[in-house]
Each structure stands twice: as structure tokens, then as C-alpha cells.
Amino acid sequence: MIAFLLAQTIAITGGTVYPVSGPKLANATVLIRDGKIAAVGTSVAVPSDATRIDATGKWVTPGLIDGAGQMGLVEIGAVAGTREALLKGDTIAASFNVAEGINPASVVIPVTRIEGVTTVLAVPAGNLVSGQAVLIDLAGNTIEEMLVKSPVGVVLNDSETGKDFAGGSRAALVERVRRVLRDALEYERRRADFGRAQLRPLSAAAADLEALLPVLHGQEPLIAYANRRSDIESALRLAREFKLKLVLAGAQEGWQIAGAIAQAGVPVLVEPLDNIPSYDALGIRYENAGLLAKAGVKVALMETDTHNSRNLRQQAGNAVAYGMTWDQVLRAVTLSPAEMFGVADRYGSLDPGKVANVVVWSGDPFEFATGVEHVLIRGKEIPLKSRQTELLERYRKLPPNY
Amino acid sequence: MRPSLLLLFALAGGCATGAARPAREAGPAPAPAQAAAPAKQATGESSSVDRLQYPSTYQRHPNPPVLIRNATIMTAAGQEIPNGSIVLKDGRIVAVGAKVDAPAGAVVVDGTGKYVTPGLIDEHSHLGVYAAPGTDAESDGNEATNPVTAEVWAEHSFWPQDPQIPLAIAGGITTIQALPGSANLIGGRSAILKLIPARTVQEMKFPGARYGLKMACGENPKRVYGQKGGPSTRMGNMAGYRGAYIQAEGYRRKWDKWNKDHQGDLPERNLKLETLAEVLRGDIYVQNHCYRSDEMAQMLDLGREFGFPIRSFHHAVEAYKIRDLLAAAGTGAAVWADWWGFKEEAMDGIKENAALLQQAGVRVNIHSDDPSGIQRLNQEAAKAMYAGVRAGIPVTRDQAIRWVTANPAWAIGLDSLIGTLEPGKIADVVVWSGDPFSVYSRAIQVYNDGWLVYDRNDPAHQPRTDFQLGQTPAAGGRNDR
């Protein structure tokens, strides 16, 4: 935290600023002080002690937020010893919070942040109830420094793979979840009886039922990965029955019932470049994000390939190509995920008082031709270096510079 | 955007999950513009034995001549022609330039604001052999029963109704090399296929194309066979390749002698050794899955030991480290723009890989190994090009478009027929809504051998596989709001 407290005053001047919360501002200044955004506008006075970043001709946006992945939880996909996102032996893993599995020294983190993704959701995987997702900034020496919000919500695997943990039928999956949620409420009502072992056996461990209470009380969302239309409808049904705050993730066939999702006021995390049909979603298609947005659904984007979370902006550009408007998409990688994850008071737009996660781009952030010029996380400029830039420099000329 | 790696590992799926393939290197004279030599195999598809083996039954679809005019034409042969035109007739490109003569009766396509490129070629695909939906029943890419299965042919697994095929066509792909997976040291023959709607794989087989032989280095064969009798080490991998080729040398000698003098009994056929002997004769290209630079160098030596060149290294995430060796050997490299980190041998991937290889004179191409990535090879090339440019490594737009056209055409030995927009070449052509290196551009028309196989604005030219009928909603259907 010391480093953040010592962060100085920085003025990003002359760029075209996309605050997201309002229209773009030409030749504007973003003033940053003590890790927060102090002012944004075309007539901001720059203090004499401010470090200036000249963004003339550049685009300035909030840092991008990836709504998926296992950042810090998976270092090398094939090496089990470096994977922390899956809890074995507990199908209802609601109390499994991934935060303490995060490795702040992961080499994936610098690779990602130097391309403009500054904040990601770290998501547990597998099981029926996978665990608790947390939101992290991609800077900090400790887990505590990285955490933005923990937990963000509880993850439900309402899909083809999820039913394997509920006896092998979708019908059993939904009923199992229902029973667990009912038991959580029962447990809350009769904690004392539970303590005296005077309660019938519950369908999940007490810690997991306890972890579901904030979801049942609407304090945290249930993040339901569901792709088949009927699975999405099951999630909507559960949310209605238990008055849950629901976030859908994946929702590959969501476009088929976009109106119903919009009407339920449920936001959706979409991976725009998903279109390979499976029996979990034969109706999967590129236009999903666009059709959902058109129906009035709040959409945020995911890049689920943790090592290439940096390709969130490619997902974003393709979301534009397949039906969302550019403005909708910028919001879908900044303010909309911040709202879904309950941190819109601190993240997602360039507004005074918000955390200064800011990126200066050479142009349109979604275009391949565009490069990142500056990345600031919590008001501190991040050196544009990673293990990959070191490899490049070593091998830029042969023989290599050993 | 990549499918769950855990799933891939579970299924021992595409190459990304881990096999390596050996490199092939041709003698002292690197054969740069080694044109396709279709004549030899035009009937038999293989010179091993004197009989037809699963020959191509491809027939060109009848179509009227086409004039695409007033477009930016990226030829992949050195030119980017603004306000240019191109004429397709009888399956060939007959004219390209600022001014062309249109044949009578030509369908005229207004290319204003649009870009035209050669059809894209993916040197490394598992379409059809790892079809969607990704069930065990459709998992036909790895004959993981023996580390050396040179006897299997990918075409015998290929399912023409794979619903991933129309998706790839819509991404501008006109030719693929469909490969066995990477579980095995030697995984079997590849199939060079025209990506068109068809009932049988024979109807898709590129007439006269040489086969490739899939080989794999590194982690994958070790992982698959480590507990099944080996190999369990990288040295075991090397011994496995060498043992197989030593056998093939004897087999080749026997058959070459018999073919020459017809003395004595006909030698017994051995399907495994027949394919390997074809590699030794130079008739089959070695297509070698290999990530690590030190292993690629070993494979180049393997090729030297047995006298065959490695046509290209696939996945080749560390190719940049030995780009001088690859250039000297005349071996190509097929790479991703930015995949890395999914296993240890993929940890040193950098986005400048393709640009550094280009700079060193290596024939580099961008491959997919992925049903999702194959739909946007142009975007992957764009990422790799701009990564190089931003790092100060010069890459021209023409070079980058070659990464997905002319260079993979060379890697599969068809560069005299496809891969550029030049008169006389086969009319495999893509019309893009804008600059193919922009994230916002999409293929709007795809011509394969002059046949309009895809038109984004015309449902009559949006092929759907049998699998999709009644099962997956058609675009533009009633559910589109």
C-alpha cells in the first residue's frame, strides 16, 4: 500500500478521452492524484508539480476489465502444480474463494496488463457450485494489494459439465441447486439447532451454505455459466424463485431468448468469438452479443483464455463487427462489468474519485494496428515490460544476448 | 477463445495439447519456390504402389465468369492495387490490374471500399477429424494406440459434414491441410483439401496434392506413451523416429529394387513403411509439430540422417530463437500469432515470432490448429504483423498477407497453383468488407475455384452441413430480432 500512497500527481494531456460515463472529449486532460482520478475535462488546470504524459493524437480510456479467466490461478495450463482454480472433492464449493490461490508473481500478469487489460475477474472452475470469483487489479506485490473485491459472487456451473456433479441429469442439477439454496435458508434460520446437531442432514457443508447466504440476500450475484437455452431458462427460473441477483455467463444461446433475459433485467457476460457448436449450445453464433445488446440486455465481454486475456480487445472489435455498437462495446469492457461486479462506484469510467486505471492507446483500442503507449494502475505508471519483452530483447539479434 | 485446455488435454485433441513433429530439410540446395508437382500423383495420389489409392474425385463447380471491380487488390505477389479489378473465368484468375477486360456475361461485383485477397490457406487444421460437437464419437484425430502410426491417413477420419467447415469457409478459408493429432511420434498422413461443401472427402481432395506426414516432438508423445510402454523421454522420442526410418530405409530399398528389375517375389506391402518410404523418396512432406528450438534443431539433424528435408515446423513457438538455422535449412515455420503458456514447451512464445522469422528469410505462415482461429487467420496475421512493426521489425502488408496465402501454399507444395492473385492461378479469392487487417472487416464473398461458396449477403450462398439442418438455427431466422 505504501507504493500507492506515494503515487504522485499525473496529468495525461491532449488526448481524446473516452470517459465511458459520458461522451468523448477531444483534447482533454485526465488528472490523477494519489491513485485516483482527480479531474477529467477540457479545461482542467494542471498543477505545476504534476508529471505530464503527452497524449496528443492518442486515445485515453479506462483500463479494460476482463470478465473471465483464471489470472494468477493458472501459470502453465498443463502443469497441475500451477493450477489453483478447481476444488476437488466438493461439488458444492460455495465457500471456495480463489483469492488466496492467486500468485501475484505470475508472469501472465505483466503480459496482460501491458496490453491494456488492468482488471480481471478470477473465476473458480468446475463442480456444480464452483466457488467465489474475485476481482483483481493487475498490479501489486501481494494478494491484498491486488484485490478489488472479494468475493464478487458465487459461480454456478449450470451446464453440460455441471450436471456431472448432480447425478448426470439437468433435471437433477436444478433440483440439487434448489435444495442447497433451501438448506442454506434453513441453516440460517436454525444455526443453533445445527450447532447442537439437531438438524436433519443438510445437502452441503455448513461453510458452503453460509457462503450462499449473501447470494440469497441479494448482496452478491449468482454468476451462472449457462449456454443451452433451456439451461439459461433454468437459471432465470431459479433466480425468480429465490429472488437472486443473477449474472449469466457464456449464454451462448442467449440470443434466442434475448427478450426474456432483458425483461428479467439480467446482465450477461459474453465471449463474442465463441461459435463452435457443442451439444451444450448448438445455436452458438457470433451475433450473440449484438442480438443481446439490441434487445436491451446489459452485456460485458470475456476472454476466457487466461494467457491471452490481452485479446479481450480483439473480442471487443469482433463484437462490433457482429452487431454491437462501438460505444456499447467500450462500455462492455469497462463500466458494464464494473456494474455487474458491484464496483462501479470505483471502477469502469474516467470520473473524479474513481481508481485511476487508465490506458493511453495510439488509436482505436480495438484495432490491431493500435498499440498501448501508457498503462496506469491505481495511478501508477506500469513499465511496459514482461517476460515476453525480455525474450524479444534477448533474441532480437542472433546470436542471442545471454 | 480457445476451448478449455483441460478438455483438450482430456481428449488428447489437437496439436496444441502436445505432440511434436519432425522437421524435414532438403539437401544442400534449399528448394525455395518448389512448385507443386502434381503430375506424378495426379492419378495415383501416391507413388508407393502401382494402383489408385483413394483418388480425388473433385470436380469444379460450373460457374459464370466474375469481374470484381474497383476494389483494393492484395495479390500476395508484391502488389496492393487500389481501385483494381480481377477477372475469374473457368476456375482460373485470368486478369488482375488497374484496367482489365471483362469477358462477356461476367457477373460484376462492385468492390468499392472492399479488399480482395487470395483464398486463405490453413496449413494446420483438425477440421473434420476433430469435428464438432466435440464428443468421443467425433474424436478421430489421434490413433493413439502406437507411437508410430505412419499407416493412418487423416482423410479416412475426415467427416465432410463437420459443422465447423462452413464457419471456416465464411472466414475466407479455401484450402486446408487436415492433420492427425500430435499424440504420436509419427501420426499419419495429412489430407490437402479444398474447403467446399461435399458428400465425401474424395470430392474435397486437392487434385494432385502431395501428402504430408504428421510428426510430433516433445511433450505430447511423452505424455501419451510414458505409461504405455514409451517413449517416456525426449531421447526416447528421437530413438522412436530413428528406428522407424531405419526400417523404412530397408523397405524402400527392397521396393525400389523390385520396381526396377521385377525380379523375384513381389515384396510384401507394409502400410506404415510405405508412407515412410515416400518421405525418404521426397514425395511426402514432413509436417512437424515442434515447439522448442533445441528440439527443432534435433529434428533438422534427423532429416539429415535420413536424407529428407522437414517442410515446416508447426506451432514452432520458439522458432525465432533458431531462425538462422531454419532459413539455412529452407524449412518453413507455421506459428500462431500469440498462443503461449498452455504447457511448458509453449512458455517462450512471443508475438514477434512471425516478424523475426520473416526478417530472417524463413517461410513463415500463420496456422490455426483450432476451429475458432481458422475463422480469422487474417486477424491473426494482422496481430503478428503489427506486433513486429511496433517492435521495429519491418513487415510489409504483402508479406503479412502471404503468411496466410502464398506461404502456406508453399508449405503444402501448391504454390504454383494457389496462394496469390496472378493470372493462371486457381480462382480461390476472398472479397473482404474492408482491410483484412482490420478487426472490423469480414469476408463477404469467398470463391473456391471460381465457385461462389459463400456470400455474407445471400443466404443461397451460405452452406450448411447436414448436421446443422433442423438442429442449429440458420442466421437470419425468425429468432433474429
# chains A, B, ... in the order shown; residues from 1 in each chain; ligands from 1

call {"tool": "select_by_dssp", "arguments": {"residues": "segment 1-118 of chain A", "states": "strand (DSSP E)", "output": "MDAnalysis selection string"}}
result
chainID A and resid 10:17 25:33 36:41 51:54 59:62 64:66 117:118

call {"tool": "residues_around", "arguments": {"residues": "segment 361-370 of chain A", "least_positions_apart": "5", "cutoff": "10 Å", "atoms": "only C-alpha atoms", "output": "PyMOL selection string"}}
result
(chain A and resi 15-16+55-61+64+115-116+311-320+326+329-330+375) or (chain B and resi 379-387+389-390+437-440)

call {"tool": "write_last_selection", "arguments": {"atoms": "C-alpha atoms", "output": "CSV table (one decimal), in the first residue's frame"}}
result
chain,number,residue,atom,x,y,z
A,15,GLY,CA,-5.7,13.1,-25.9
A,16,THR,CA,-9.1,12.2,-27.0
A,55,ALA,CA,-1.4,12.0,-25.2
A,56,THR,CA,-1.7,14.3,-28.2
A,57,GLY,CA,-3.2,12.3,-31.0
A,58,LYS,CA,-3.8,9.4,-28.7
A,59,TRP,CA,-6.9,7.8,-27.2
A,60,VAL,CA,-7.4,7.6,-23.5
A,61,THR,CA,-9.8,5.1,-21.9
A,64,LEU,CA,-10.1,-2.7,-19.7
A,115,GLU,CA,-1.8,-4.6,-23.4
A,116,GLY,CA,-4.4,-2.5,-21.7
A,311,ASN,CA,-7.1,-10.5,-26.6
A,312,LEU,CA,-10.1,-9.0,-24.9
A,313,ARG,CA,-9.8,-6.1,-27.3
A,314,GLN,CA,-9.9,-8.5,-30.3
A,315,GLN,CA,-13.1,-9.9,-28.8
A,316,ALA,CA,-14.3,-6.4,-28.5
A,317,GLY,CA,-13.6,-5.5,-32.1
A,318,ASN,CA,-15.3,-8.6,-33.3
A,319,ALA,CA,-18.3,-7.8,-31.1
A,320,VAL,CA,-18.6,-4.5,-33.1
A,326,TRP,CA,-18.6,0.7,-30.8
A,329,VAL,CA,-18.6,-2.4,-26.7
A,330,LEU,CA,-16.3,0.1,-24.9
A,375,VAL,CA,-0.8,2.0,-18.6
B,379,GLN,CA,-6.8,-11.2,-37.9
B,380,GLU,CA,-4.1,-13.4,-36.5
B,381,ALA,CA,-1.8,-12.3,-39.3
B,382,ALA,CA,-2.7,-8.7,-38.5
B,383,LYS,CA,-1.7,-9.2,-34.8
B,384,ALA,CA,1.6,-10.7,-35.7
B,385,MET,CA,2.4,-8.1,-38.4
B,386,TYR,CA,1.6,-5.1,-36.1
B,387,ALA,CA,3.5,-6.7,-33.2
B,389,VAL,CA,6.1,-3.3,-36.7
B,390,ARG,CA,5.6,-1.9,-33.2
B,437,PHE,CA,-6.0,-6.4,-41.3
B,438,SER,CA,-8.8,-4.5,-39.5
B,439,VAL,CA,-10.7,-6.2,-36.7
B,440,TYR,CA,-13.9,-4.8,-38.2

call {"tool": "closest_residue", "arguments": {"among": "A:Ile37, A:Ala125, A:Leu350, A:Val174", "to": "chain B", "atoms": "only C-alpha atoms"}}
result
A:Ala125

call {"tool": "residues_around", "arguments": {"residues": "Phe467 of chain B", "least_positions_apart": "5", "cutoff": "9 Å", "atoms": "only C-alpha atoms", "output": "count of residues only"}}
result
4

call {"tool": "interface_residues", "arguments": {"of": "chain A", "to": "chain B", "cutoff": "8 Å", "atoms": "only C-alpha atoms", "output": "ChimeraX atom specification"}}
result
/A:75-79,255-256,271,273-279,282-283,291,294-295,303-305,307-308,314,317-318,320-321,366-369,371,388-389,391-392,395-396,398,400

call {"tool": "atom_distance", "arguments": {"atom1": "atom CA of Leu120 of chain B", "atom2": "atom CA of Ile73 of chain B"}}
result
14.3 Å

call {"tool": "select_by_dssp", "arguments": {"residues": "segment 24-253 of chain B", "states": "helix (DSSP H, G or I)", "output": "PyMOL selection string"}}
result
chain B and resi 38-41+136-138+154-156+164-170+219-225+234-253

call {"tool": "write_last_selection", "arguments": {"atoms": "C-alpha atoms", "output": "tab-separated table (two decimals), in the first residue's frame"}}
result
chain	number	residue	atom	x	y	z
B	38	PRO	CA	1.03	-32.60	-59.29
B	39	ALA	CA	1.75	-34.64	-62.38
B	40	LYS	CA	3.33	-37.57	-60.63
B	41	GLN	CA	0.50	-38.16	-58.27
B	136	ASP	CA	-15.80	-39.06	-28.22
B	137	ALA	CA	-17.73	-40.28	-31.23
B	138	GLU	CA	-16.32	-37.43	-33.33
B	154	ALA	CA	-6.33	-38.28	-41.92
B	155	GLU	CA	-8.71	-38.42	-44.86
B	156	HIS	CA	-10.05	-41.72	-43.57
B	164	GLN	CA	-17.09	-26.23	-38.38
B	165	ILE	CA	-16.41	-26.36	-42.11
B	166	PRO	CA	-18.94	-23.72	-43.17
B	167	LEU	CA	-17.67	-21.48	-40.36
B	168	ALA	CA	-14.15	-21.68	-41.73
B	169	ILE	CA	-15.37	-21.05	-45.26
B	170	ALA	CA	-17.13	-17.91	-44.00
B	219	GLU	CA	5.67	-33.29	-24.52
B	220	ASN	CA	2.70	-34.92	-26.22
B	221	PRO	CA	4.07	-38.31	-27.24
B	222	LYS	CA	5.87	-38.49	-23.89
B	223	ARG	CA	2.64	-37.76	-22.08
B	224	VAL	CA	0.55	-40.20	-24.08
B	225	TYR	CA	3.02	-43.12	-24.09
B	234	ARG	CA	12.68	-36.79	-25.44
B	235	MET	CA	15.59	-39.12	-26.16
B	236	GLY	CA	13.03	-41.88	-26.42
B	237	ASN	CA	11.18	-39.77	-28.96
B	238	MET	CA	14.30	-39.42	-31.08
B	239	ALA	CA	15.04	-43.15	-30.90
B	240	GLY	CA	11.46	-43.79	-31.98
B	241	TYR	CA	11.75	-41.69	-35.14
B	242	ARG	CA	15.14	-43.15	-36.00
B	243	GLY	CA	14.01	-46.72	-35.53
B	244	ALA	CA	11.05	-46.14	-37.80
B	245	TYR	CA	13.11	-44.56	-40.57
B	246	ILE	CA	15.79	-47.23	-40.37
B	247	GLN	CA	13.07	-49.79	-41.06
B	248	ALA	CA	11.74	-47.62	-43.84
B	249	GLU	CA	15.17	-47.45	-45.49
B	250	GLY	CA	15.26	-51.23	-45.80
B	251	TYR	CA	11.71	-51.32	-47.10
B	252	ARG	CA	12.40	-48.63	-49.61
B	253	ARG	CA	15.50	-50.46	-50.91

call {"tool": "atom_distance", "arguments": {"atom1": "atom CA of Gly72 of chain A", "atom2": "atom CA of Val360 of chain A"}}
result
24.6 Å

call {"tool": "residues_around", "arguments": {"residues": "Ile232 of chain A", "least_positions_apart": "5", "cutoff": "10 Å", "atoms": "only C-alpha atoms", "output": "list of chain:residue names"}}
result
A:Asp158, A:Ser159, A:Ala224, A:Tyr225, A:Ala226, A:Asn227, A:Arg237, A:Leu238, A:Leu248, A:Ala249, A:Gly250, A:Ala251, A:Gln252, A:Glu253, A:Gly254, A:Ile257, A:Ile261

call {"tool": "write_last_selection", "arguments": {"atoms": "C-alpha atoms", "output": "CSV table (one decimal), in the first residue's frame"}}
result
chain,number,residue,atom,x,y,z
A,158,ASP,CA,-25.3,-24.7,-14.9
A,159,SER,CA,-24.2,-26.6,-18.0
A,224,ALA,CA,-24.4,-18.7,-13.7
A,225,TYR,CA,-22.5,-20.3,-16.5
A,226,ALA,CA,-25.3,-21.5,-18.8
A,227,ASN,CA,-25.2,-21.9,-22.5
A,237,ARG,CA,-36.3,-19.7,-13.0
A,238,LEU,CA,-34.0,-20.2,-10.0
A,248,LEU,CA,-25.4,-15.0,-16.8
A,249,ALA,CA,-22.0,-16.1,-18.2
A,250,GLY,CA,-21.5,-17.7,-21.6
A,251,ALA,CA,-25.1,-17.6,-22.5
A,252,GLN,CA,-24.2,-18.9,-26.0
A,253,GLU,CA,-27.9,-19.5,-27.0
A,254,GLY,CA,-29.0,-16.4,-25.1
A,257,ILE,CA,-34.4,-15.6,-25.7
A,261,ILE,CA,-33.3,-12.0,-20.4

call {"tool": "residues_around", "arguments": {"residues": "segment 416-425 of chain B", "least_positions_apart": "6", "cutoff": "8 Å", "atoms": "only C-alpha atoms", "output": "MDAnalysis selection string"}}
result
chainID B and resid 35:36 74:77 92:96 117:121 402 405:409

call {"tool": "decode", "arguments": {"residues": "segment 184-279 of chain B", "atoms": "C-alpha atoms", "output": "PDB file, in the first residue's frame"}}
result
ATOM      1  CA  ASN B 184       2.182 -39.936 -31.784  1.00  0.00           C
ATOM      2  CA  LEU B 185       5.777 -39.510 -32.858  1.00  0.00           C
ATOM      3  CA  ILE B 186       4.572 -40.212 -36.363  1.00  0.00           C
ATOM      4  CA  GLY B 187       0.869 -39.617 -36.541  1.00  0.00           C
ATOM      5  CA  GLY B 188      -0.042 -40.409 -40.125  1.00  0.00           C
ATOM      6  CA  ARG B 189      -0.730 -38.754 -43.441  1.00  0.00           C
ATOM      7  CA  SER B 190      -2.371 -35.374 -43.755  1.00  0.00           C
ATOM      8  CA  ALA B 191      -5.027 -34.549 -46.304  1.00  0.00           C
ATOM      9  CA  ILE B 192      -4.867 -31.478 -48.514  1.00  0.00           C
ATOM     10  CA  LEU B 193      -8.468 -30.437 -49.010  1.00  0.00           C
ATOM     11  CA  LYS B 194     -10.435 -27.813 -50.815  1.00  0.00           C
ATOM     12  CA  LEU B 195     -12.825 -26.373 -48.281  1.00  0.00           C
ATOM     13  CA  ILE B 196     -16.128 -26.817 -50.060  1.00  0.00           C
ATOM     14  CA  PRO B 197     -19.454 -28.412 -49.246  1.00  0.00           C
ATOM     15  CA  ALA B 198     -19.165 -32.072 -50.252  1.00  0.00           C
ATOM     16  CA  ARG B 199     -20.543 -35.523 -49.539  1.00  0.00           C
ATOM     17  CA  THR B 200     -17.211 -37.301 -49.438  1.00  0.00           C
ATOM     18  CA  VAL B 201     -13.683 -36.377 -48.593  1.00  0.00           C
ATOM     19  CA  GLN B 202     -12.632 -37.603 -52.031  1.00  0.00           C
ATOM     20  CA  GLU B 203     -14.691 -34.744 -53.517  1.00  0.00           C
ATOM     21  CA  MET B 204     -12.635 -32.317 -51.420  1.00  0.00           C
ATOM     22  CA  LYS B 205      -9.176 -33.725 -52.040  1.00  0.00           C
ATOM     23  CA  PHE B 206      -6.996 -31.248 -53.866  1.00  0.00           C
ATOM     24  CA  PRO B 207      -6.174 -32.997 -57.131  1.00  0.00           C
ATOM     25  CA  GLY B 208      -2.537 -33.941 -57.310  1.00  0.00           C
ATOM     26  CA  ALA B 209      -1.579 -32.559 -53.951  1.00  0.00           C
ATOM     27  CA  ARG B 210       1.238 -34.282 -52.127  1.00  0.00           C
ATOM     28  CA  TYR B 211       0.563 -35.793 -48.792  1.00  0.00           C
ATOM     29  CA  GLY B 212       2.111 -34.501 -45.638  1.00  0.00           C
ATOM     30  CA  LEU B 213       3.288 -36.717 -42.803  1.00  0.00           C
ATOM     31  CA  LYS B 214       2.475 -35.539 -39.332  1.00  0.00           C
ATOM     32  CA  MET B 215       5.286 -35.960 -36.862  1.00  0.00           C
ATOM     33  CA  ALA B 216       5.397 -34.653 -33.316  1.00  0.00           C
ATOM     34  CA  CYS B 217       8.164 -33.674 -30.908  1.00  0.00           C
ATOM     35  CA  GLY B 218       8.233 -33.051 -27.246  1.00  0.00           C
ATOM     36  CA  GLU B 219       5.670 -33.293 -24.524  1.00  0.00           C
ATOM     37  CA  ASN B 220       2.705 -34.918 -26.222  1.00  0.00           C
ATOM     38  CA  PRO B 221       4.071 -38.313 -27.236  1.00  0.00           C
ATOM     39  CA  LYS B 222       5.867 -38.487 -23.890  1.00  0.00           C
ATOM     40  CA  ARG B 223       2.641 -37.755 -22.076  1.00  0.00           C
ATOM     41  CA  VAL B 224       0.553 -40.201 -24.080  1.00  0.00           C
ATOM     42  CA  TYR B 225       3.017 -43.119 -24.092  1.00  0.00           C
ATOM     43  CA  GLY B 226       5.029 -42.513 -20.933  1.00  0.00           C
ATOM     44  CA  GLN B 227       2.871 -45.011 -19.035  1.00  0.00           C
ATOM     45  CA  LYS B 228       2.073 -47.150 -22.074  1.00  0.00           C
ATOM     46  CA  GLY B 229       5.461 -48.589 -22.974  1.00  0.00           C
ATOM     47  CA  GLY B 230       7.151 -45.415 -24.097  1.00  0.00           C
ATOM     48  CA  PRO B 231       8.595 -43.247 -25.308  1.00  0.00           C
ATOM     49  CA  SER B 232       8.701 -41.505 -21.983  1.00  0.00           C
ATOM     50  CA  THR B 233      11.545 -39.099 -22.689  1.00  0.00           C
ATOM     51  CA  ARG B 234      12.682 -36.790 -25.444  1.00  0.00           C
ATOM     52  CA  MET B 235      15.586 -39.119 -26.157  1.00  0.00           C
ATOM     53  CA  GLY B 236      13.031 -41.883 -26.418  1.00  0.00           C
ATOM     54  CA  ASN B 237      11.176 -39.767 -28.961  1.00  0.00           C
ATOM     55  CA  MET B 238      14.304 -39.420 -31.079  1.00  0.00           C
ATOM     56  CA  ALA B 239      15.036 -43.145 -30.903  1.00  0.00           C
ATOM     57  CA  GLY B 240      11.458 -43.789 -31.981  1.00  0.00           C
ATOM     58  CA  TYR B 241      11.754 -41.695 -35.139  1.00  0.00           C
ATOM     59  CA  ARG B 242      15.141 -43.148 -35.999  1.00  0.00           C
ATOM     60  CA  GLY B 243      14.009 -46.717 -35.534  1.00  0.00           C
ATOM     61  CA  ALA B 244      11.051 -46.140 -37.797  1.00  0.00           C
ATOM     62  CA  TYR B 245      13.108 -44.559 -40.568  1.00  0.00           C
ATOM     63  CA  ILE B 246      15.787 -47.234 -40.370  1.00  0.00           C
ATOM     64  CA  GLN B 247      13.066 -49.793 -41.058  1.00  0.00           C
ATOM     65  CA  ALA B 248      11.743 -47.621 -43.842  1.00  0.00           C
ATOM     66  CA  GLU B 249      15.168 -47.450 -45.494  1.00  0.00           C
ATOM     67  CA  GLY B 250      15.260 -51.232 -45.803  1.00  0.00           C
ATOM     68  CA  TYR B 251      11.714 -51.316 -47.096  1.00  0.00           C
ATOM     69  CA  ARG B 252      12.397 -48.635 -49.613  1.00  0.00           C
ATOM     70  CA  ARG B 253      15.498 -50.459 -50.911  1.00  0.00           C
ATOM     71  CA  LYS B 254      13.538 -53.649 -51.358  1.00  0.00           C
ATOM     72  CA  TRP B 255      10.731 -51.995 -53.273  1.00  0.00           C
ATOM     73  CA  ASP B 256      12.922 -49.712 -55.356  1.00  0.00           C
ATOM     74  CA  LYS B 257      14.909 -52.736 -56.422  1.00  0.00           C
ATOM     75  CA  TRP B 258      11.821 -54.714 -57.303  1.00  0.00           C
ATOM     76  CA  ASN B 259      10.242 -51.791 -59.143  1.00  0.00           C
ATOM     77  CA  LYS B 260      13.434 -51.513 -61.166  1.00  0.00           C
ATOM     78  CA  ASP B 261      14.089 -55.131 -62.116  1.00  0.00           C
ATOM     79  CA  HIS B 262      10.860 -57.004 -61.258  1.00  0.00           C
ATOM     80  CA  GLN B 263      12.984 -59.981 -60.142  1.00  0.00           C
ATOM     81  CA  GLY B 264      11.734 -62.488 -57.619  1.00  0.00           C
ATOM     82  CA  ASP B 265       8.679 -62.306 -55.432  1.00  0.00           C
ATOM     83  CA  LEU B 266       6.772 -59.058 -55.030  1.00  0.00           C
ATOM     84  CA  PRO B 267       7.855 -57.687 -51.650  1.00  0.00           C
ATOM     85  CA  GLU B 268       5.139 -57.682 -49.026  1.00  0.00           C
ATOM     86  CA  ARG B 269       3.346 -54.376 -48.582  1.00  0.00           C
ATOM     87  CA  ASN B 270       3.626 -52.658 -45.231  1.00  0.00           C
ATOM     88  CA  LEU B 271       1.355 -49.670 -44.946  1.00  0.00           C
ATOM     89  CA  LYS B 272       3.405 -48.000 -42.233  1.00  0.00           C
ATOM     90  CA  LEU B 273       6.703 -48.334 -44.065  1.00  0.00           C
ATOM     91  CA  GLU B 274       5.124 -47.451 -47.389  1.00  0.00           C
ATOM     92  CA  THR B 275       4.366 -43.959 -46.138  1.00  0.00           C
ATOM     93  CA  LEU B 276       7.769 -43.534 -44.534  1.00  0.00           C
ATOM     94  CA  ALA B 277       9.462 -44.721 -47.722  1.00  0.00           C
ATOM     95  CA  GLU B 278       7.554 -41.997 -49.571  1.00  0.00           C
ATOM     96  CA  VAL B 279       9.085 -39.479 -47.185  1.00  0.00           C
TER      97      VAL B 279
END
